[in-house]
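Below: data33.txt (compact mmCIF, C-alpha atoms)
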```txt
# COMPACT_ATOMS: atom_id res chain seq x y z
CA MET A 213 90.71 -9.09 2.24
CA LYS A 214 90.78 -5.85 0.24
CA CYS A 215 87.59 -3.92 -0.53
CA LEU A 216 85.70 -5.10 -3.59
CA ASN A 217 86.09 -3.44 -6.96
CA ASP A 218 83.16 -2.74 -9.29
CA ILE A 219 83.76 -5.85 -11.38
CA GLU A 220 83.77 -8.12 -8.34
CA ILE A 221 80.55 -6.56 -7.13
CA MET A 222 78.94 -7.12 -10.55
CA ASP A 223 80.13 -10.74 -10.59
CA PHE A 224 78.87 -11.30 -7.06
CA ILE A 225 75.43 -9.91 -7.86
CA SER A 226 75.09 -11.68 -11.19
CA GLY A 227 76.09 -15.00 -9.56
CA LYS A 228 79.17 -15.47 -11.71
CA LEU A 229 81.70 -16.01 -8.93
CA GLU A 230 83.12 -19.42 -8.15
CA PRO A 231 81.71 -20.82 -4.85
CA GLU A 232 84.99 -20.36 -2.99
CA ARG A 233 85.42 -16.75 -4.08
CA ARG A 234 81.76 -16.10 -3.38
CA ASN A 235 82.19 -17.18 0.23
CA GLU A 236 85.19 -14.88 0.65
CA VAL A 237 83.24 -11.93 -0.75
CA GLN A 238 80.26 -12.75 1.43
CA GLU A 239 82.50 -12.79 4.47
CA HIS A 240 84.04 -9.45 3.54
CA ILE A 241 80.66 -7.81 2.96
CA SER A 242 79.48 -8.83 6.40
CA SER A 243 82.42 -7.03 7.99
CA CYS A 244 82.78 -3.97 5.69
CA THR A 245 80.01 -1.36 5.84
CA GLN A 246 81.23 0.47 2.75
CA CYS A 247 81.29 -2.62 0.53
CA SER A 248 78.03 -3.82 2.02
CA GLU A 249 76.33 -0.55 0.99
CA ARG A 250 77.80 -0.70 -2.50
CA VAL A 251 76.63 -4.27 -2.95
CA GLN A 252 73.17 -3.33 -1.73
CA GLU A 253 72.95 -0.42 -4.18
CA SER A 254 74.13 -2.54 -7.09
CA SER A 255 71.81 -5.35 -6.15
CA MET A 256 68.87 -2.96 -6.14
CA LEU A 257 69.86 -1.65 -9.57
CA TRP A 258 70.20 -5.25 -10.84
CA ASP A 259 66.66 -6.03 -9.66
CA THR A 260 65.23 -2.81 -11.07
CA LEU A 261 66.75 -3.53 -14.48
CA GLY A 262 65.38 -7.05 -14.28
CA GLN A 263 61.82 -5.73 -14.26
CA TRP A 264 62.10 -5.07 -17.99
CA ASP A 265 61.06 -8.44 -19.29
CA ILE A 266 60.08 -9.02 -22.89
CA ASP A 267 57.00 -10.94 -23.91
CA ILE A 268 57.48 -12.42 -27.37
CA THR A 269 54.31 -14.54 -27.42
CA ASP A 270 52.83 -12.51 -30.28
CA HIS A 271 56.03 -12.51 -32.31
CA ASN A 272 56.50 -16.01 -33.67
CA ILE A 273 58.65 -15.76 -36.77
CA ALA A 274 59.21 -19.47 -37.49
CA ASP A 275 56.67 -19.64 -40.33
CA LYS A 276 58.00 -16.48 -42.01
CA VAL A 277 61.60 -17.74 -41.83
CA ILE A 278 60.69 -21.12 -43.31
CA ALA A 279 58.70 -19.43 -46.10
CA SER A 280 61.63 -17.15 -46.95
CA ALA A 281 64.08 -20.05 -46.85
CA GLN A 282 61.86 -22.15 -49.16
CA GLU A 283 61.54 -19.19 -51.52
CA SER A 284 65.32 -18.85 -51.67
CA VAL A 285 65.59 -22.61 -52.43
CA GLN A 286 63.08 -22.23 -55.30
CA ILE A 287 64.97 -19.25 -56.67
CA ARG A 288 68.19 -21.27 -56.60
CA LYS A 289 66.51 -24.18 -58.43
CA HIS A 290 64.53 -22.17 -60.99
CA PRO A 291 66.12 -18.77 -61.23
CA LYS A 292 64.53 -17.82 -64.58
CA LEU A 293 61.00 -18.89 -63.75
CA LEU A 294 60.79 -17.46 -60.28
CA ASN A 295 62.86 -14.43 -60.84
CA LYS A 296 60.81 -13.06 -63.70
CA ARG A 297 60.99 -9.51 -62.48
CA ASP A 298 64.80 -9.51 -62.33
CA PHE A 299 64.89 -11.27 -65.71
CA LEU A 300 62.64 -8.59 -67.25
CA ILE A 301 64.81 -5.85 -65.77
CA ASP A 302 67.93 -7.48 -67.27
CA VAL A 303 66.25 -7.73 -70.69
CA LEU A 304 65.25 -4.06 -70.51
CA LYS A 305 68.80 -3.11 -69.55
CA ILE A 306 70.22 -4.98 -72.55
CA ALA A 307 67.60 -3.47 -74.88
CA ALA A 308 68.38 0.03 -73.60
CA SER A 309 72.12 -0.57 -74.11
CA ILE A 310 71.49 -1.70 -77.72
CA ILE A 311 69.31 1.34 -78.48
CA ILE A 312 71.92 3.69 -77.01
CA ALA A 313 74.71 1.94 -78.95
CA ILE A 314 72.74 2.20 -82.21
CA GLY A 315 72.02 5.88 -81.56
CA ILE A 316 75.67 6.64 -80.86
CA GLY A 317 76.76 4.59 -83.89
CA GLN A 318 74.36 6.43 -86.16
CA LYS A 319 75.47 9.81 -84.87
CA LEU A 320 79.15 8.97 -85.27
CA GLY A 321 78.48 7.56 -88.73
CA LYS A 322 76.85 10.81 -89.82
CA ILE A 323 79.73 12.84 -88.47
CA SER A 324 82.35 10.72 -90.19
CA ALA A 325 80.37 10.68 -93.49
CA GLY A 326 79.89 14.45 -93.24
CA GLU A 327 83.56 15.09 -92.65
CA LYS A 328 84.86 13.12 -95.65
CA PRO A 329 82.39 13.35 -98.53
CA SER A 330 85.18 13.82 -101.06
CA GLU A 331 86.61 10.39 -100.32
CA LEU A 332 83.56 8.82 -101.93
CA ILE A 333 84.05 10.65 -105.23
CA PRO A 334 86.74 8.31 -106.61
CA TYR A 335 84.36 5.41 -106.11
CA GLN A 336 81.49 6.93 -108.06
CA GLY A 337 79.89 4.38 -110.29
CA LYS A 338 81.32 1.60 -108.12
CA PRO A 339 79.48 -0.29 -105.41
CA GLU A 340 79.06 2.05 -102.39
CA TYR A 341 79.72 -0.64 -99.84
CA ILE A 342 83.32 -0.81 -100.99
CA ALA A 343 83.73 2.81 -99.86
CA ALA A 344 81.69 2.17 -96.72
CA LEU A 345 84.02 -0.68 -95.81
CA GLY A 346 86.96 1.68 -96.26
CA LEU A 347 88.51 -0.41 -99.01
CA ASP A 348 90.50 0.97 -101.88
CA TRP A 349 88.82 0.21 -105.19
CA ALA A 350 92.12 -0.84 -106.68
CA GLY A 351 93.40 -2.41 -103.47
CA ASP A 352 94.85 -5.88 -103.17
CA PHE A 353 92.03 -7.31 -101.11
CA THR A 354 88.99 -5.78 -102.79
CA TRP A 355 88.57 -8.82 -104.98
CA LEU A 356 87.69 -10.83 -101.88
CA VAL A 357 84.54 -8.77 -101.45
CA MET A 358 83.88 -8.24 -105.12
CA GLU A 359 84.23 -11.82 -106.23
CA GLU A 360 80.55 -12.67 -106.64
CA ASP A 361 79.35 -9.54 -108.40
CA SER A 362 82.46 -8.19 -110.11
CA PRO A 363 81.96 -6.17 -113.36
CA SER A 364 83.36 -9.01 -115.46
CA GLN A 365 80.83 -11.39 -113.91
CA GLU A 366 78.00 -8.94 -114.53
CA MET A 367 79.05 -8.58 -118.20
CA SER A 368 79.17 -12.31 -118.73
CA ASN A 369 75.69 -12.54 -117.16
CA GLU A 370 74.38 -9.90 -119.62
CA GLN A 371 75.94 -11.71 -122.58
CA LYS A 372 74.13 -14.82 -121.58
CA MET B 202 80.50 -27.38 -19.17
CA ASN B 203 79.27 -30.81 -20.33
CA ASN B 204 75.90 -29.28 -21.09
CA MET B 205 77.53 -26.60 -23.20
CA THR B 206 79.51 -29.23 -25.10
CA ASP B 207 76.38 -31.32 -25.61
CA SER B 208 74.53 -28.27 -26.82
CA GLN B 209 77.35 -27.45 -29.23
CA THR B 210 77.29 -31.03 -30.57
CA THR B 211 73.55 -30.75 -31.08
CA GLU B 212 73.88 -27.46 -32.96
CA THR B 213 76.66 -28.87 -35.13
CA GLU B 214 74.45 -31.81 -35.99
CA LEU B 215 71.50 -29.52 -36.72
CA MET B 216 73.66 -27.40 -39.01
CA ARG B 217 74.93 -30.51 -40.80
CA ARG B 218 71.35 -31.66 -41.43
CA LEU B 219 70.36 -28.19 -42.56
CA ALA B 220 73.25 -28.12 -45.02
CA SER B 221 72.14 -31.47 -46.42
CA GLY B 222 68.79 -29.94 -47.35
CA GLU B 223 66.56 -30.77 -44.36
CA ILE B 224 64.83 -27.41 -44.31
CA GLU B 225 62.53 -28.45 -41.44
CA VAL B 226 65.58 -28.36 -39.15
CA LEU B 227 65.55 -24.59 -39.60
CA SER B 228 62.17 -24.49 -37.90
CA GLU B 229 63.69 -26.33 -34.93
CA ILE B 230 66.54 -23.83 -34.72
CA VAL B 231 64.17 -20.86 -35.00
CA LYS B 232 61.88 -22.17 -32.28
CA LYS B 233 64.85 -22.79 -30.02
CA TYR B 234 66.50 -19.41 -30.45
CA GLN B 235 63.86 -16.90 -31.51
CA ASP B 236 63.23 -15.76 -27.92
CA LYS B 237 66.87 -14.79 -27.48
CA VAL B 238 67.16 -13.16 -30.89
CA LEU B 239 63.90 -11.21 -30.67
CA SER B 240 64.42 -9.99 -27.11
CA LEU B 241 67.98 -8.89 -27.83
CA ALA B 242 66.94 -7.05 -30.98
CA TYR B 243 63.91 -5.47 -29.29
CA ARG B 244 65.88 -4.28 -26.26
CA PHE B 245 68.40 -2.70 -28.57
CA LEU B 246 66.03 -1.16 -31.14
CA ASN B 247 62.71 -0.75 -29.26
CA ASP B 248 60.78 -1.59 -32.39
CA TRP B 249 58.99 -4.89 -32.94
CA THR B 250 58.78 -4.61 -36.74
CA LYS B 251 62.50 -4.01 -37.08
CA SER B 252 63.29 -6.66 -34.47
CA GLU B 253 61.26 -9.24 -36.38
CA ASP B 254 63.00 -8.28 -39.61
CA ILE B 255 66.38 -8.67 -37.93
CA ALA B 256 65.41 -12.01 -36.42
CA GLN B 257 64.29 -13.29 -39.82
CA GLU B 258 67.46 -12.07 -41.48
CA THR B 259 69.54 -13.72 -38.75
CA PHE B 260 67.97 -17.14 -39.30
CA LEU B 261 68.16 -16.80 -43.09
CA ARG B 262 71.87 -16.05 -42.79
CA ILE B 263 72.27 -19.13 -40.63
CA TYR B 264 70.42 -21.17 -43.23
CA LYS B 265 72.54 -19.83 -46.09
CA ALA B 266 75.77 -20.35 -44.14
CA ALA B 267 74.89 -23.92 -43.10
CA GLY B 268 76.97 -25.40 -45.90
CA SER B 269 80.11 -23.60 -44.83
CA TYR B 270 79.47 -23.77 -41.07
CA LYS B 271 82.50 -24.85 -39.04
CA PRO B 272 81.96 -25.38 -35.34
CA GLN B 273 85.01 -23.35 -34.30
CA ALA B 274 83.10 -20.78 -32.29
CA LYS B 275 80.13 -21.68 -30.11
CA PHE B 276 76.84 -21.60 -32.00
CA ASN B 277 75.40 -19.14 -29.45
CA THR B 278 78.29 -16.74 -29.91
CA TRP B 279 77.98 -16.91 -33.67
CA LEU B 280 74.22 -16.32 -33.46
CA TYR B 281 74.62 -13.34 -31.12
CA ARG B 282 77.32 -11.88 -33.35
CA ILE B 283 74.97 -11.92 -36.36
CA VAL B 284 72.17 -10.28 -34.35
CA VAL B 285 74.47 -7.66 -32.84
CA ASN B 286 75.93 -6.70 -36.21
CA LEU B 287 72.48 -6.40 -37.77
CA CYS B 288 71.24 -4.35 -34.81
CA LEU B 289 74.22 -1.99 -34.97
CA ASP B 290 73.66 -1.50 -38.71
CA GLU B 291 69.98 -0.78 -38.11
CA GLN B 292 70.71 1.56 -35.21
CA ARG B 293 73.08 3.58 -37.38
CA LYS B 294 70.38 3.96 -40.00
CA GLN B 295 67.92 5.22 -37.37
CA SER B 296 67.84 8.71 -35.98
CA LYS B 297 70.05 9.24 -32.94
CA ALA B 298 67.25 10.90 -31.00
CA PRO B 299 66.41 8.95 -27.84
CA ILE B 300 62.90 7.58 -27.66
CA SER B 301 60.57 9.64 -25.47
CA ILE B 302 59.22 8.30 -22.20
CA GLU B 303 55.63 8.74 -23.47
CA GLU B 304 56.46 6.62 -26.50
CA ILE B 305 57.96 3.93 -24.28
CA ASN B 306 54.93 4.06 -21.98
CA ASN B 307 52.75 3.35 -25.00
CA GLN B 308 54.98 0.48 -26.08
CA VAL B 309 55.02 -1.25 -22.69
CA ASP B 310 52.35 -3.86 -22.98
CA ASP B 311 49.77 -3.86 -20.18
CA SER B 312 50.02 -7.63 -19.88
CA GLN B 313 53.68 -7.29 -18.91
CA SER B 314 53.04 -5.00 -16.02
CA ASN B 315 50.95 -5.88 -13.04
CA SER B 316 50.49 -2.31 -11.93
CA LEU B 317 50.85 1.25 -13.06
CA GLU B 318 53.92 1.58 -10.86
CA ARG B 319 55.59 -1.38 -12.49
CA LYS B 320 54.68 -0.10 -15.93
CA GLU B 321 56.29 3.20 -15.06
CA THR B 322 59.41 1.47 -13.72
CA VAL B 323 59.77 -0.60 -16.90
CA ALA B 324 59.38 2.56 -19.01
CA LEU B 325 62.04 4.36 -16.95
CA VAL B 326 64.44 1.41 -17.20
CA GLN B 327 63.89 1.18 -20.94
CA ASN B 328 64.46 4.90 -21.33
CA ALA B 329 67.58 4.89 -19.12
CA ILE B 330 69.11 2.06 -21.17
CA ASN B 331 68.22 3.82 -24.41
CA GLU B 332 69.99 6.96 -23.30
CA LEU B 333 73.27 5.12 -22.78
CA PRO B 334 75.97 5.44 -25.43
CA GLU B 335 75.67 2.66 -28.04
CA ARG B 336 78.51 0.45 -26.77
CA GLN B 337 77.49 0.74 -23.10
CA LYS B 338 73.90 -0.07 -24.06
CA LEU B 339 74.93 -3.16 -25.96
CA ALA B 340 77.25 -4.35 -23.19
CA VAL B 341 74.50 -3.97 -20.56
CA ILE B 342 71.90 -5.77 -22.66
CA LEU B 343 74.24 -8.70 -23.29
CA HIS B 344 75.37 -8.84 -19.64
CA ARG B 345 72.17 -8.15 -17.70
CA TYR B 346 69.53 -9.63 -20.01
CA GLU B 347 71.37 -12.30 -22.01
CA SER B 348 73.56 -13.32 -19.04
CA LEU B 349 76.75 -13.41 -21.10
CA SER B 350 80.11 -13.36 -19.33
CA TYR B 351 82.74 -10.71 -20.11
CA ASP B 352 84.58 -13.22 -22.30
CA GLN B 353 81.43 -14.07 -24.24
CA ILE B 354 80.56 -10.38 -24.72
CA SER B 355 84.10 -9.83 -25.92
CA GLU B 356 83.75 -12.68 -28.45
CA VAL B 357 80.38 -11.45 -29.70
CA THR B 358 81.34 -7.80 -30.04
CA GLN B 359 85.04 -8.31 -30.89
CA TRP B 360 85.95 -5.78 -28.18
CA SER B 361 88.72 -6.63 -25.70
CA LYS B 362 87.72 -8.09 -22.35
CA SER B 363 89.07 -5.05 -20.50
CA ALA B 364 87.05 -2.75 -22.79
CA VAL B 365 83.92 -4.77 -21.99
CA GLU B 366 84.58 -4.56 -18.24
CA SER B 367 85.18 -0.84 -18.43
CA LEU B 368 82.04 -0.28 -20.53
CA LEU B 369 79.95 -2.25 -18.05
CA VAL B 370 81.31 -0.38 -15.01
CA ARG B 371 80.50 2.95 -16.68
CA ALA B 372 77.13 1.74 -17.95
CA TYR B 373 75.97 0.53 -14.52
CA ALA B 374 77.21 3.76 -12.89
CA ASN B 375 75.23 5.79 -15.44
CA LEU B 376 72.14 3.66 -14.92
CA ARG B 377 72.44 3.96 -11.13
CA GLU B 378 72.49 7.73 -11.51
CA LYS B 379 69.54 7.77 -13.92
CA LEU B 380 67.43 5.39 -11.89
CA LYS B 381 68.13 6.81 -8.42
CA LYS B 382 64.61 8.17 -8.25
CA ILE B 383 63.06 4.71 -8.63
CA GLU B 384 65.43 3.16 -6.12
CA ASN B 385 64.64 5.87 -3.58
CA ASN B 386 60.94 5.13 -4.05
CA ILE B 387 61.56 1.42 -3.54
CA LYS B 388 63.51 2.12 -0.32
```

structure tokens encoding of this file:
Amino acid sequence: MKCLNDIEIMDFISGKLEPERRNEVQEHISSCTQCSERVQESSMLWDTLGQWDIDITDHNIADKVIASAQESVQIRKHPKLLNKRDFLIDVLKIAASIIIAIGIGQKLGKISAGEKPSELIPYQGKPEYIAALGLDWAGDFTWLVMEEDSPSQEMSNEQK
Amino acid sequence: MNNMTDSQTTETELMRRLASGEIEVLSEIVKKYQDKVLSLAYRFLNDWTKSEDIAQETFLRIYKAAGSYKPQAKFNTWLYRIVVNLCLDEQRKQSKAPISIEEINNQVDDSQSNSLERKETVALVQNAINELPERQKLAVILHRYESLSYDQISEVTQWSKSAVESLLVRAYANLREKLKKIENNIK
């Protein structure tokens, strides 16, 4: 039999060899000084490493895991009630977006009104919202907006 | 082999019950596996708080995945894979500096060690393992302390079997070198 390689020595020491192979290795070790020394060294290292045992007596996590799992079940069943903090954060995010949008809208509105003041002149004396909606006073579709309070209607109301 | 198959059947059944809403089954799983999970995480990270956090996260992931659990891989392998991935993530967040021997001496619980000599040996072993490169360290912990075979380590870590063998040979050679002093004292 050939001399043992490192893997075979590891398997021999860790007891992972099949019984038949184990006997062959055992036989070889008893007749080969070099392999015998290597096995002895590795065996000593194996035992030294084995002295590091871990005591987990004070580290029982079962209760914490169950509590977290139950909490996640509750959150799944009642997301709005139990996730108030996240809900509040979402509401604040939406509110902030609205405020920003209004601010930007107002700013852009001022700019566009400032740039084209002359466009309002032709509509003087006419309802301002017609100009604000960008409709032509004499346009084809203005009557749709003007239907309820058109000048003719106003006059008929005054006559009454 | 029969025992492993029986165990796998049991875990599959436990996962099925967990998926159907029997939350108390989770407690059974935790009690059965927390020793393995905590000791693996602690040996890798050397920090009980972080190890407990990782163990909790591992079992919560198992709970959340119960509905989609398919018993293709062994439950043990799947469990170890979750722990290993969480440990590697945590390790990468931590500083790379190896833990000092004084720090380890303080961590080694007196109840674990019968004598000062043993306490010192445990501290030296812990330090020697901590000084190994990440992959060698993980391979040694899974092989020496969790008794996994090369194939199982390969499945858990997703490294090839030959890579695992090579890592273990180098890791044990490094440890032999680092721990020569202790072995000479024992002789």

Please find the residues of chain B near chain A - the criterion being any atom within 7 Å, counting only C-alpha atoms - and write them as JSON, numbers by chain.
{"B": [228, 231, 232, 236, 240, 257, 260, 261, 323, 326, 370, 377]}

Distance in Å - CA of Glu258 in chain B versus CA of Asp298 in chain A:
21.2 Å

Among B:Leu317, B:Leu339, B:Ala266, B:Leu376, Leu246 in chain B is approached most closely, using only C-alpha atoms, by B:Leu339

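Taking only C-alpha atoms into account, Asp248 in chain B lies nearest to B:Gln295 out of the set B:Arg217, B:Ala267, B:Gln295, B:Gln273.
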
Suppose you want the space between CA of Glu332 in chain B and CA of Asp352 in chain B; what is it in Å?
24.9 Å

Residues at most 9 Å from Lys237 in chain B, counting only C-alpha atoms, excluding those fewer than 5 positions away in the same chain, as a PyMOL selection string?
chain B and resi 242+281+347
